[in-house]
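These notes concern the structure reproduced below.
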Protein chains: 2
Amino acid sequence: MQPDRSATSHAGYVIGVDIGGTNLRLALADMSGAILDRWSSSIAGIRSADAVIDLIRNGTERLLQQNLVPRSALQAIGAGAPGITDVDKGVVIATSYLLGWRDVPLQDLLEAAFDVPAAVDNDVNLAALGESWAGAAKGTRDFVFLAIGTGIGAGIVLNGQLFRGMGWAAGEIGYMLVPGASDEPAERGKPGALESVIGGEGIKTQWQHLWRKESTTLPRELTATEVFDGALAGDALAQTLLHQAARMLADAIYNMSLVLNCPLFVLGGGVGMHTALGDATRHHMERWNLRAQLQLTRSVLGPDAQLMGAIRLALDTATSAPIVTVSSQRTKNHSVDGQLT
Amino acid sequence: MQPDRSATSHAGYVIGVDIGGTNLRLALADMSGAILDRWSSSIAGIRSADAVIDLIRNGTERLLQQNLVPRSALQAIGAGAPGITDVDKGVVIATSYLLGWRDVPLQDLLEAAFDVPAAVDNDVNLAALGESWAGAAKGTRDFVFLAIGTGIGAGIVLNGQLFRGMGWAAGEIGYMLVPGASDEPAERGKPGALESVIGGEGIKTQWQHLWRKESTTLPRELTATEVFDGALAGDALAQTLLHQAARMLADAIYNMSLVLNCPLFVLGGGVGMHTALGDATRHHMERWNLRAQLQLTRSVLGPDAQLMGAIRLALDTATSAPIVTVSSQRTKNHSVDGQLT
């Protein structure tokens with residue numbers, strides 16, 4: 001069914017973009033935030049921002065065509081990048097080695113490619129925004145989203161707003177110094193003390209380092225989540241790594257809660273979503289008798305957290321831009337919360 | 001010279017109150033924030049809030065009389081309390097054992113006693129406000145004020161505003177877990193891991209614990225600042241304690257900077273102001289090559305930081321209350337910054 005062109009201001013659409021280290025994901029959503037369709041592509045080995053923009057353009061055209069949405073109904077684009085991002089200027093300052101971006105003007109590139117308003121942010125911040133809007137942190141004024149995948153990062157929401165820090169790097173907790181970690185901070189660019197114990201890449205490296213034929217029946221090549229699976233199945237070596245990670249994660253959460261007086265922490269990311277890590281971390285936190293003040297929960301949106309945040313960002317960008325009718329849409333956006341969970 | 005009664009709305013005055021664990025300090029200031037006179041009293045052993053209010057009333061009457069200020073010219077009172085304070089309700093939720101307050105409605109008590117608008121906050125928050133207004137953090141959007149006296153606490157300013165946390169306890173970092181500390185968090189009410197190494201009481205306790213006749217020429221009874229004096233004079237045992245405190249303080253600052261992405265930390269409080277601690281902490285921080293991103297400086301206002309914050313709070317309370325002419329005074333308050341340093 002072709003949308004009625006005369007109703008464009010009400011029946012607009014946005015695109016949410018999640019740029020990962022190895023995958024690009026797009027979602028087409030209506031102005032209530034409901035996802036109509038998705039598109040994804042591997043970007044492993046692609047480092048050029050122009051090439052990524054071309055892929056986003058191809059994916060967007062495909063989504064619009066498949067859903068019979070006219071190009072003129074596209075209102076805005078929101079994109080998350082895996083690195084430190086200057087939200088005011090729309091510039092990705094630095095990403096990890098996988099993309100290797102430095103000072104990429106992503107917002108300008110997107111606006112030039114699509115001729116609609118665009119906005120960009122760090123992907124973990126967008127995941128926090130997503131959980132705040134439609135996930136585990138709905139109705140919570142202050143909380144921290146902990147993304148644990150290859151590495152670790154935190155998205156911080158204070159007074160209902162993302163807190164990004166003066167250099168756009170708030171929540172870069174991979175280098176946090178906790179008991180049991182070396183207190184010689186790692187050089188920037190290398191994994192931090194916390195990251196090397198809790199992050200997926202660090203756990204994988206440690207597993208290989210500790211692996212001996214006589215101490216485990218599991219193979220030497222395992223991912224972090226496979227190590228956690230092994231721990232659940234009773235493997236002693238895997239349990240050692242799980243409990244070390246859980247203990248340090250509990251300490252890091254405790255430290256953050258002291259600084260921010262923040263009652264809710266949401267675990268996300270491929271490694272962070274593993275139930276074994278959440279359960280073991282809660283077990284360590286129970287030592288403190290702080291259950292009432294400090295809650296650790298699992299992401300509700302899972303791998304969609306970033307994408308939902310990107311959609312939310314696009315909706316805010318569309319409604320704050322002068323080209324659309326703001327008042328009715330803003331009301332719709334807020335009333336949709338209930339539908340998305 | 002008696003102030004002209006007809007000019008009261010311009011020539012108003014405020015009282016700033018600093019309630020400490022053992023001392024009560026008052027300052028009379030004009031609407032530009034300039035301190036005209038001070039008054040103080042010991043409150044050692046006094047635990048009753050009513051008794052403290054009586055002392056504040058006596059001190060205020062004295063200050064008004066001595067400076068020929070009519071009672072009607074008093075516009076507002078701002079008070080800092082040494083404990084977790086609900087700023088919205090004006091209630092001191094809990095202080096340390098020295099005062100032993102629980103849920104004291106300090107704002108109401110002050111307003112009933114003086115019949116002018118009053119406002120209250122945690123004393124470390126007020127010290128941060130003071131440094132932000134007229135001290136080491138002028139012009140800085142985000143910074144952390146570290147008060148190190150008997151214990152340790154942090155006042156956090158983000159986006160130019162005090163950040164207090166959902167339970168009014170942001171910055172209660174005495175329990176922070178850093179390398180070298182026990183990772184068994186202390187029970188609430190007992191000194192935390194960090195506090196017992198960096199706080200004045202903890203340093204004093206440790207000194208007595210480690211003291212042997214053969215390992216130092218210094219006496220067994222020393223305050224924390226005397227231990228630091230001894231370290232500067234070359235005493236090896238005192239240097240051990242100084243460097244342990246400096247290392248853990250550096251680690252705690254580093255952890256806070258990771259969470260908040262905050263470039264400036266201001267050291268205050270009787271122990272924190274000692275140059276030996278600041279210098280040794282900066283020395284430990286130099287390991288990280290973060291000088292550009294992370295600055296550690298000394299309080300400019302020193303023991304007046306809390307009092308200046310209380311005055312600032314009183315001025316804001318006076319100018320936000322309907323009973324005074326707001327516009328001209330607000331302009332005056334802001335233009336005074338230069339005069340106060």
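By convention here, the chains of the structure tokens are called A, B, ... in the order presented, each chain's residues are numbered starting at 1, and ligands are numbered starting at 1 in the order presented.
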Residues of chain A within 9 Å of chain B, counting only C-alpha atoms, as an MDAnalysis selection string
chainID A and resid 141:142 154 156 158:159 163:187 251:252 254:263 287:289 293
Write down as a PyMOL selection string the residues of region 110-216 of chain A whose backbone DSSP state falls under alpha helix (DSSP H).
chain A and resi 110-114+123-134+195-198+200-210
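Take CA of Ala134 (chain A) and CA of Glu61 (chain A): the distance between them is 26.8 Å.
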Can you pull out every residue from region 48-260 of chain B that DSSP, working from the backbone, puts in strand (DSSP E or B), and format the result as JSON, numbers by chain?
{"B": [74, 75, 76, 77, 78, 79, 80, 81, 83, 84, 85, 86, 91, 92, 93, 94, 95, 102, 103, 104, 118, 119, 120, 121, 122, 143, 144, 145, 146, 147, 148, 152, 153, 154, 155, 156, 157, 158, 161, 162, 163]}
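Every protein, DNA or RNA residue with an atom at most 9 Å from Gly269 (chain A), where only C-alpha atoms count and chain neighbours fewer than 6 positions away do not, is listed here: Leu146, Ala147, Ile148, Gly149, Thr150, Ile152, Ser299, Gly302, Pro303 and Ala305 of chain A.
Between Leu63 (chain B) and the candidates B:Ser40, B:Thr140, B:Gln107, B:Thr225, the tightest atom-to-atom separation, counting only C-alpha atoms, involves B:Ser40.
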Give me the residues within 10 Å of Asp123 (chain B) as a PyMOL selection string, counting only C-alpha atoms and dropping any in the same chain fewer than 6 places off.
chain B and resi 17-20+79-85+129+147+153+155+305-307+309-310
Take the residues from that selection and write them out as a short mmCIF file (atom, residue, chain, number, x, y, z; two decimals), in the first residue's frame, keeping C-alpha atoms.
data_model
loop_
_atom_site.label_atom_id
_atom_site.label_comp_id
_atom_site.auth_asym_id
_atom_site.auth_seq_id
_atom_site.Cartn_x
_atom_site.Cartn_y
_atom_site.Cartn_z
CA VAL B 17 26.43 29.26 57.58
CA ASP B 18 29.02 26.47 57.68
CA ILE B 19 28.01 23.75 60.14
CA GLY B 20 31.03 21.54 60.75
CA ALA B 79 23.63 26.78 55.26
CA GLY B 80 25.92 23.81 54.65
CA ALA B 81 25.62 20.66 56.75
CA PRO B 82 28.19 17.88 57.07
CA GLY B 83 25.98 15.12 55.70
CA ILE B 84 23.66 13.87 52.99
CA THR B 85 21.11 16.59 52.39
CA LEU B 129 29.85 25.85 44.54
CA ALA B 147 37.33 17.61 50.38
CA GLY B 153 34.02 13.47 49.95
CA GLY B 155 31.40 17.77 45.23
CA ALA B 305 35.16 27.37 50.41
CA GLN B 306 32.08 26.07 52.26
CA LEU B 307 31.24 29.52 53.64
CA GLY B 309 29.26 28.42 48.80
CA ALA B 310 26.75 29.07 51.59
#
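The environment of Leu110 (chain B) within 9 Å, counting only C-alpha atoms and disregarding residues fewer than 6 places along the same chain, consists of Ile53, Ile56, Arg57, Ile77, Ala79, Val116, Pro117, Ala118 and Ala119 of chain B.
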For those residues, write C-alpha atoms to a file as an mmCIF file, in the first residue's frame.
data_model
loop_
_atom_site.group_PDB
_atom_site.id
_atom_site.type_symbol
_atom_site.label_atom_id
_atom_site.label_comp_id
_atom_site.auth_asym_id
_atom_site.auth_seq_id
_atom_site.Cartn_x
_atom_site.Cartn_y
_atom_site.Cartn_z
ATOM 1 C CA ILE B 53 19.826 26.915 65.485
ATOM 2 C CA ILE B 56 23.116 30.510 64.543
ATOM 3 C CA ARG B 57 20.498 32.987 65.803
ATOM 4 C CA ILE B 77 20.246 32.390 54.763
ATOM 5 C CA ALA B 79 23.630 26.779 55.260
ATOM 6 C CA VAL B 116 13.510 34.909 55.669
ATOM 7 C CA PRO B 117 14.012 32.350 52.866
ATOM 8 C CA ALA B 118 16.630 29.717 53.690
ATOM 9 C CA ALA B 119 18.338 26.983 51.680
#
Need the shell around region 234-241 of chain A: protein/DNA/RNA residues with any atom at most 7 Å away, counting only C-alpha atoms. Skip same-chain ones fewer than 4 positions apart. Format as a PDB file with N, CA and C atoms, in the first residue's frame?
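Once written, part21.pdb looks like this:
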ATOM      1  N   SER A 215      43.890 -29.186  32.593  1.00  0.00           N
ATOM      2  CA  SER A 215      43.028 -28.420  33.501  1.00  0.00           C
ATOM      3  C   SER A 215      41.622 -28.176  32.955  1.00  0.00           C
ATOM      4  N   THR A 216      41.359 -28.561  31.707  1.00  0.00           N
ATOM      5  CA  THR A 216      40.009 -28.389  31.163  1.00  0.00           C
ATOM      6  C   THR A 216      39.770 -29.358  30.015  1.00  0.00           C
ATOM      7  N   VAL A 227      33.272 -19.433  26.874  1.00  0.00           N
ATOM      8  CA  VAL A 227      33.905 -19.644  28.179  1.00  0.00           C
ATOM      9  C   VAL A 227      32.835 -19.602  29.273  1.00  0.00           C
ATOM     10  N   PHE A 228      31.919 -18.622  29.178  1.00  0.00           N
ATOM     11  CA  PHE A 228      30.841 -18.526  30.180  1.00  0.00           C
ATOM     12  C   PHE A 228      29.912 -19.737  30.103  1.00  0.00           C
ATOM     13  N   GLY A 230      30.864 -22.684  29.285  1.00  0.00           N
ATOM     14  CA  GLY A 230      31.648 -23.729  29.944  1.00  0.00           C
ATOM     15  C   GLY A 230      31.571 -23.625  31.462  1.00  0.00           C
ATOM     16  N   ALA A 245      35.989 -12.051  36.296  1.00  0.00           N
ATOM     17  CA  ALA A 245      35.306 -10.986  35.550  1.00  0.00           C
ATOM     18  C   ALA A 245      34.157 -10.415  36.373  1.00  0.00           C
TER      19      ALA A 245
END
Pick out the residues sitting within 10 Å of Thr275 (chain B), and hand them over as a list in words; count only C-alpha atoms, and ignore anything fewer than 2 positions along from it in its own chain.
Thr225, Phe228, Asp229, Leu232, Leu267, Val271, Gly272, Met273, Leu277, Gly278, Asp279, Ala280, Thr281 and Arg298 of chain B
So how far away is CA of Leu222 (chain B) from CA of Ala276 (chain B), in Å?
15.9 Å
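Straight-line separation from CA of Ile15 (chain A) to CA of Ala76 (chain A): 6.6 Å.
Take the candidates A:Leu36, A:Val157, A:Ala11, A:Ala193 and check each one against Trp133 (chain A) using only C-alpha atoms; the shortest distance goes to A:Val157.
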